[in-house]
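Data block for model.csv (CSV, C-alpha atoms):
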chain,number,residue,atom,x,y,z
A,541,MET,CA,41.0,-46.6,-41.3
A,542,LYS,CA,44.5,-46.5,-39.9
A,543,LEU,CA,45.2,-47.6,-36.4
A,544,PRO,CA,48.5,-45.6,-36.1
A,545,VAL,CA,46.5,-42.5,-37.0
A,546,PHE,CA,43.9,-43.3,-34.2
A,547,LYS,CA,46.7,-43.7,-31.7
A,548,ASN,CA,48.4,-40.5,-32.6
A,549,LEU,CA,45.2,-38.4,-32.6
A,550,SER,CA,43.9,-39.9,-29.3
A,551,LYS,CA,47.2,-39.1,-27.6
A,552,ASN,CA,47.6,-35.6,-28.9
A,553,VAL,CA,44.2,-34.0,-29.6
A,554,SER,CA,41.2,-33.5,-27.4
A,555,VAL,CA,37.8,-34.9,-28.2
A,556,GLU,CA,36.4,-31.4,-28.6
A,557,ALA,CA,39.1,-30.4,-31.1
A,558,MET,CA,38.5,-33.6,-33.1
A,559,GLU,CA,34.7,-32.9,-33.1
A,560,ALA,CA,35.4,-29.4,-34.4
A,561,ALA,CA,37.6,-30.8,-37.1
A,562,LEU,CA,34.9,-33.2,-38.1
A,563,GLU,CA,32.4,-30.4,-38.5
A,564,VAL,CA,34.8,-28.4,-40.7
A,565,LEU,CA,35.6,-31.4,-42.9
A,566,GLU,CA,31.9,-32.4,-43.3
A,567,VAL,CA,31.0,-28.8,-44.4
A,568,TYR,CA,34.0,-28.6,-46.7
A,569,ALA,CA,33.2,-32.0,-48.3
A,570,ASP,CA,29.6,-30.8,-49.0
A,571,SER,CA,30.9,-27.9,-51.2
A,572,PRO,CA,29.9,-28.3,-54.8
A,573,ALA,CA,33.5,-27.3,-55.7
A,574,VAL,CA,35.0,-30.4,-54.0
A,575,LYS,CA,35.5,-33.2,-56.5
A,576,GLU,CA,35.1,-36.9,-55.8
A,577,PRO,CA,38.8,-37.8,-55.3
A,578,GLU,CA,39.0,-35.0,-52.7
A,579,GLN,CA,35.8,-36.3,-51.1
A,580,GLU,CA,37.3,-39.7,-50.8
A,581,VAL,CA,40.3,-38.3,-49.0
A,582,ILE,CA,38.1,-36.3,-46.7
A,583,GLY,CA,36.0,-39.4,-46.0
A,584,GLU,CA,39.1,-41.3,-44.9
A,585,MET,CA,40.1,-38.4,-42.7
A,586,ILE,CA,36.7,-38.3,-41.1
A,587,SER,CA,36.8,-42.1,-40.5
A,588,ASN,CA,40.1,-41.8,-38.8
A,589,ILE,CA,39.0,-39.0,-36.6
A,590,CYS,CA,35.8,-40.8,-35.6
A,591,GLY,CA,37.9,-43.9,-34.7
A,592,ALA,CA,40.3,-41.8,-32.6
A,593,ILE,CA,37.3,-40.2,-30.8
A,594,GLU,CA,35.9,-43.6,-30.0
A,595,MET,CA,39.2,-44.9,-28.9
A,596,LYS,CA,39.9,-41.8,-26.7
A,597,GLN,CA,36.5,-42.1,-25.1
A,598,MET,CA,37.0,-45.8,-24.2
A,599,MET,CA,40.3,-44.8,-22.6
A,600,GLU,CA,38.9,-41.9,-20.6
A,601,GLU,CA,35.4,-43.2,-19.7
A,602,GLN,CA,36.1,-46.9,-19.3
A,603,GLY,CA,39.7,-46.7,-18.2
A,604,MET,CA,41.0,-48.9,-21.0
A,605,ASP,CA,44.7,-48.7,-21.9
A,606,GLU,CA,45.5,-47.7,-25.5
A,607,ARG,CA,46.1,-51.2,-26.8
A,608,THR,CA,42.8,-52.6,-25.3
A,609,ALA,CA,40.8,-49.6,-26.6
A,610,ALA,CA,42.4,-50.0,-30.1
A,611,ASN,CA,41.7,-53.8,-30.2
A,612,THR,CA,38.1,-53.3,-28.9
A,613,PHE,CA,37.4,-50.7,-31.5
A,614,MET,CA,38.9,-52.7,-34.4
A,615,GLN,CA,36.9,-55.8,-33.3
A,616,ARG,CA,33.7,-53.8,-33.3
A,617,VAL,CA,34.5,-52.5,-36.8
A,618,MET,CA,35.4,-55.9,-38.1
A,619,GLY,CA,32.1,-57.3,-36.6
A,620,CYS,CA,30.1,-54.7,-38.5
A,621,ILE,CA,31.9,-55.4,-41.8
A,622,GLU,CA,31.3,-59.1,-41.5
A,623,LYS,CA,27.5,-58.7,-41.0
Represent the supplied structure as structure tokens.
Amino acid sequence: MKLPVFKNLSKNVSVEAMEAALEVLEVYADSPAVKEPEQEVIGEMISNICGAIEMKQMMEEQGMDERTAANTFMQRVMGCIEK
């Protein structure tokens, strides 16, 4: 997961567009013709898009600024990893 990617996506892409991209990537990754290295790249893209969606929703729904939303999201991720 890459925070600069989250910030860029959350600034420039709507939640609806990111959700549509997720749907396409998930279906694409499920194709039997897609090899494991490609699936890993797609998985990273999916993770980044999901992070951007979470961040954008925190900014829009909770009124957080970009930095606070990014820090809140990353703390939540780190908390899950530590468990």
Fill in the blank from the handout: From the list A:Val581, A:Glu559, A:Glu566, A:Lys551, the nearest residue to A:Met595 using only C-alpha atoms is A:Lys551
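In terms of minimum interatomic distance to A:Gln597, A:Phe613 ranks closest within A:Met585, A:Phe613, A:Lys575, A:Val564, counting all atoms listed in the file.
Here atom CA of A:Val555 and atom CA of A:Gln615 stand 21.5 Å from one another.
Nearest to A:Glu556 of all the residues A:Met604, A:Ala610, A:Ile582, A:Ala592 is A:Ala592, counting all atoms listed in the file.
As for atom CA of A:Asn588 and atom CA of A:Phe546, they are spaced 6.2 Å apart.
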Expected file content for stretch 588-614 of chain A, N, CA, C and O atoms, as a PDB file, in the first residue's frame:
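Generated output (decode04.pdb):
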ATOM      1  N   ASN A 588      -4.535  -0.423  -3.074  1.00  0.00           N
ATOM      2  CA  ASN A 588      -4.380   1.025  -3.143  1.00  0.00           C
ATOM      3  C   ASN A 588      -5.706   1.730  -3.414  1.00  0.00           C
ATOM      4  O   ASN A 588      -6.008   2.761  -2.808  1.00  0.00           O
ATOM      5  N   ILE A 589      -6.513   1.173  -4.279  1.00  0.00           N
ATOM      6  CA  ILE A 589      -7.813   1.774  -4.576  1.00  0.00           C
ATOM      7  C   ILE A 589      -8.723   1.693  -3.359  1.00  0.00           C
ATOM      8  O   ILE A 589      -9.400   2.665  -3.013  1.00  0.00           O
ATOM      9  N   CYS A 590      -8.720   0.559  -2.682  1.00  0.00           N
ATOM     10  CA  CYS A 590      -9.543   0.429  -1.459  1.00  0.00           C
ATOM     11  C   CYS A 590      -9.110   1.435  -0.405  1.00  0.00           C
ATOM     12  O   CYS A 590      -9.949   2.050   0.265  1.00  0.00           O
ATOM     13  N   GLY A 591      -7.814   1.623  -0.245  1.00  0.00           N
ATOM     14  CA  GLY A 591      -7.309   2.613   0.699  1.00  0.00           C
ATOM     15  C   GLY A 591      -7.737   4.020   0.327  1.00  0.00           C
ATOM     16  O   GLY A 591      -8.122   4.817   1.186  1.00  0.00           O
ATOM     17  N   ALA A 592      -7.696   4.324  -0.956  1.00  0.00           N
ATOM     18  CA  ALA A 592      -8.108   5.651  -1.425  1.00  0.00           C
ATOM     19  C   ALA A 592      -9.597   5.877  -1.188  1.00  0.00           C
ATOM     20  O   ALA A 592     -10.012   6.979  -0.809  1.00  0.00           O
ATOM     21  N   ILE A 593     -10.392   4.848  -1.394  1.00  0.00           N
ATOM     22  CA  ILE A 593     -11.832   4.959  -1.132  1.00  0.00           C
ATOM     23  C   ILE A 593     -12.069   5.247   0.340  1.00  0.00           C
ATOM     24  O   ILE A 593     -12.840   6.148   0.690  1.00  0.00           O
ATOM     25  N   GLU A 594     -11.427   4.493   1.209  1.00  0.00           N
ATOM     26  CA  GLU A 594     -11.584   4.699   2.654  1.00  0.00           C
ATOM     27  C   GLU A 594     -11.187   6.127   3.029  1.00  0.00           C
ATOM     28  O   GLU A 594     -11.880   6.795   3.793  1.00  0.00           O
ATOM     29  N   MET A 595     -10.065   6.566   2.512  1.00  0.00           N
ATOM     30  CA  MET A 595      -9.564   7.894   2.829  1.00  0.00           C
ATOM     31  C   MET A 595     -10.521   8.980   2.332  1.00  0.00           C
ATOM     32  O   MET A 595     -10.854   9.917   3.063  1.00  0.00           O
ATOM     33  N   LYS A 596     -10.992   8.835   1.113  1.00  0.00           N
ATOM     34  CA  LYS A 596     -11.906   9.827   0.543  1.00  0.00           C
ATOM     35  C   LYS A 596     -13.217   9.863   1.331  1.00  0.00           C
ATOM     36  O   LYS A 596     -13.764  10.937   1.585  1.00  0.00           O
ATOM     37  N   GLN A 597     -13.711   8.718   1.735  1.00  0.00           N
ATOM     38  CA  GLN A 597     -14.944   8.676   2.511  1.00  0.00           C
ATOM     39  C   GLN A 597     -14.767   9.338   3.872  1.00  0.00           C
ATOM     40  O   GLN A 597     -15.664  10.042   4.334  1.00  0.00           O
ATOM     41  N   MET A 598     -13.629   9.160   4.508  1.00  0.00           N
ATOM     42  CA  MET A 598     -13.373   9.831   5.784  1.00  0.00           C
ATOM     43  C   MET A 598     -13.355  11.348   5.596  1.00  0.00           C
ATOM     44  O   MET A 598     -13.879  12.093   6.423  1.00  0.00           O
ATOM     45  N   MET A 599     -12.776  11.793   4.492  1.00  0.00           N
ATOM     46  CA  MET A 599     -12.711  13.227   4.227  1.00  0.00           C
ATOM     47  C   MET A 599     -14.103  13.791   3.943  1.00  0.00           C
ATOM     48  O   MET A 599     -14.464  14.849   4.452  1.00  0.00           O
ATOM     49  N   GLU A 600     -14.894  13.076   3.161  1.00  0.00           N
ATOM     50  CA  GLU A 600     -16.213  13.565   2.771  1.00  0.00           C
ATOM     51  C   GLU A 600     -17.252  13.397   3.880  1.00  0.00           C
ATOM     52  O   GLU A 600     -18.031  14.307   4.132  1.00  0.00           O
ATOM     53  N   GLU A 601     -17.275  12.254   4.529  1.00  0.00           N
ATOM     54  CA  GLU A 601     -18.332  11.950   5.494  1.00  0.00           C
ATOM     55  C   GLU A 601     -18.030  12.441   6.898  1.00  0.00           C
ATOM     56  O   GLU A 601     -18.941  12.771   7.647  1.00  0.00           O
ATOM     57  N   GLN A 602     -16.746  12.472   7.263  1.00  0.00           N
ATOM     58  CA  GLN A 602     -16.385  12.867   8.618  1.00  0.00           C
ATOM     59  C   GLN A 602     -15.701  14.229   8.663  1.00  0.00           C
ATOM     60  O   GLN A 602     -15.310  14.688   9.726  1.00  0.00           O
ATOM     61  N   GLY A 603     -15.515  14.823   7.500  1.00  0.00           N
ATOM     62  CA  GLY A 603     -14.920  16.152   7.440  1.00  0.00           C
ATOM     63  C   GLY A 603     -13.444  16.209   7.786  1.00  0.00           C
ATOM     64  O   GLY A 603     -12.923  17.264   8.136  1.00  0.00           O
ATOM     65  N   MET A 604     -12.759  15.076   7.686  1.00  0.00           N
ATOM     66  CA  MET A 604     -11.327  15.057   7.995  1.00  0.00           C
ATOM     67  C   MET A 604     -10.546  15.719   6.873  1.00  0.00           C
ATOM     68  O   MET A 604     -10.932  15.641   5.708  1.00  0.00           O
ATOM     69  N   ASP A 605      -9.425  16.342   7.247  1.00  0.00           N
ATOM     70  CA  ASP A 605      -8.525  16.833   6.203  1.00  0.00           C
ATOM     71  C   ASP A 605      -7.719  15.643   5.683  1.00  0.00           C
ATOM     72  O   ASP A 605      -7.736  14.564   6.278  1.00  0.00           O
ATOM     73  N   GLU A 606      -7.025  15.856   4.581  1.00  0.00           N
ATOM     74  CA  GLU A 606      -6.307  14.763   3.923  1.00  0.00           C
ATOM     75  C   GLU A 606      -5.301  14.084   4.856  1.00  0.00           C
ATOM     76  O   GLU A 606      -5.240  12.859   4.938  1.00  0.00           O
ATOM     77  N   ARG A 607      -4.540  14.877   5.574  1.00  0.00           N
ATOM     78  CA  ARG A 607      -3.498  14.317   6.443  1.00  0.00           C
ATOM     79  C   ARG A 607      -4.105  13.467   7.562  1.00  0.00           C
ATOM     80  O   ARG A 607      -3.628  12.370   7.847  1.00  0.00           O
ATOM     81  N   THR A 608      -5.158  13.972   8.200  1.00  0.00           N
ATOM     82  CA  THR A 608      -5.802  13.232   9.285  1.00  0.00           C
ATOM     83  C   THR A 608      -6.415  11.936   8.764  1.00  0.00           C
ATOM     84  O   THR A 608      -6.285  10.883   9.393  1.00  0.00           O
ATOM     85  N   ALA A 609      -7.067  12.008   7.611  1.00  0.00           N
ATOM     86  CA  ALA A 609      -7.669  10.807   7.022  1.00  0.00           C
ATOM     87  C   ALA A 609      -6.591   9.774   6.689  1.00  0.00           C
ATOM     88  O   ALA A 609      -6.760   8.583   6.965  1.00  0.00           O
ATOM     89  N   ALA A 610      -5.486  10.232   6.125  1.00  0.00           N
ATOM     90  CA  ALA A 610      -4.393   9.323   5.779  1.00  0.00           C
ATOM     91  C   ALA A 610      -3.809   8.683   7.039  1.00  0.00           C
ATOM     92  O   ALA A 610      -3.597   7.462   7.085  1.00  0.00           O
ATOM     93  N   ASN A 611      -3.566   9.486   8.062  1.00  0.00           N
ATOM     94  CA  ASN A 611      -3.005   8.954   9.313  1.00  0.00           C
ATOM     95  C   ASN A 611      -3.969   7.986   9.987  1.00  0.00           C
ATOM     96  O   ASN A 611      -3.558   6.936  10.486  1.00  0.00           O
ATOM     97  N   THR A 612      -5.251   8.323  10.000  1.00  0.00           N
ATOM     98  CA  THR A 612      -6.258   7.453  10.610  1.00  0.00           C
ATOM     99  C   THR A 612      -6.310   6.116   9.891  1.00  0.00           C
ATOM    100  O   THR A 612      -6.321   5.056  10.525  1.00  0.00           O
ATOM    101  N   PHE A 613      -6.310   6.153   8.575  1.00  0.00           N
ATOM    102  CA  PHE A 613      -6.355   4.920   7.800  1.00  0.00           C
ATOM    103  C   PHE A 613      -5.114   4.071   8.055  1.00  0.00           C
ATOM    104  O   PHE A 613      -5.212   2.860   8.311  1.00  0.00           O
ATOM    105  N   MET A 614      -3.941   4.683   8.011  1.00  0.00           N
ATOM    106  CA  MET A 614      -2.703   3.922   8.188  1.00  0.00           C
ATOM    107  C   MET A 614      -2.611   3.344   9.604  1.00  0.00           C
ATOM    108  O   MET A 614      -2.132   2.225   9.780  1.00  0.00           O
TER     109      MET A 614
END
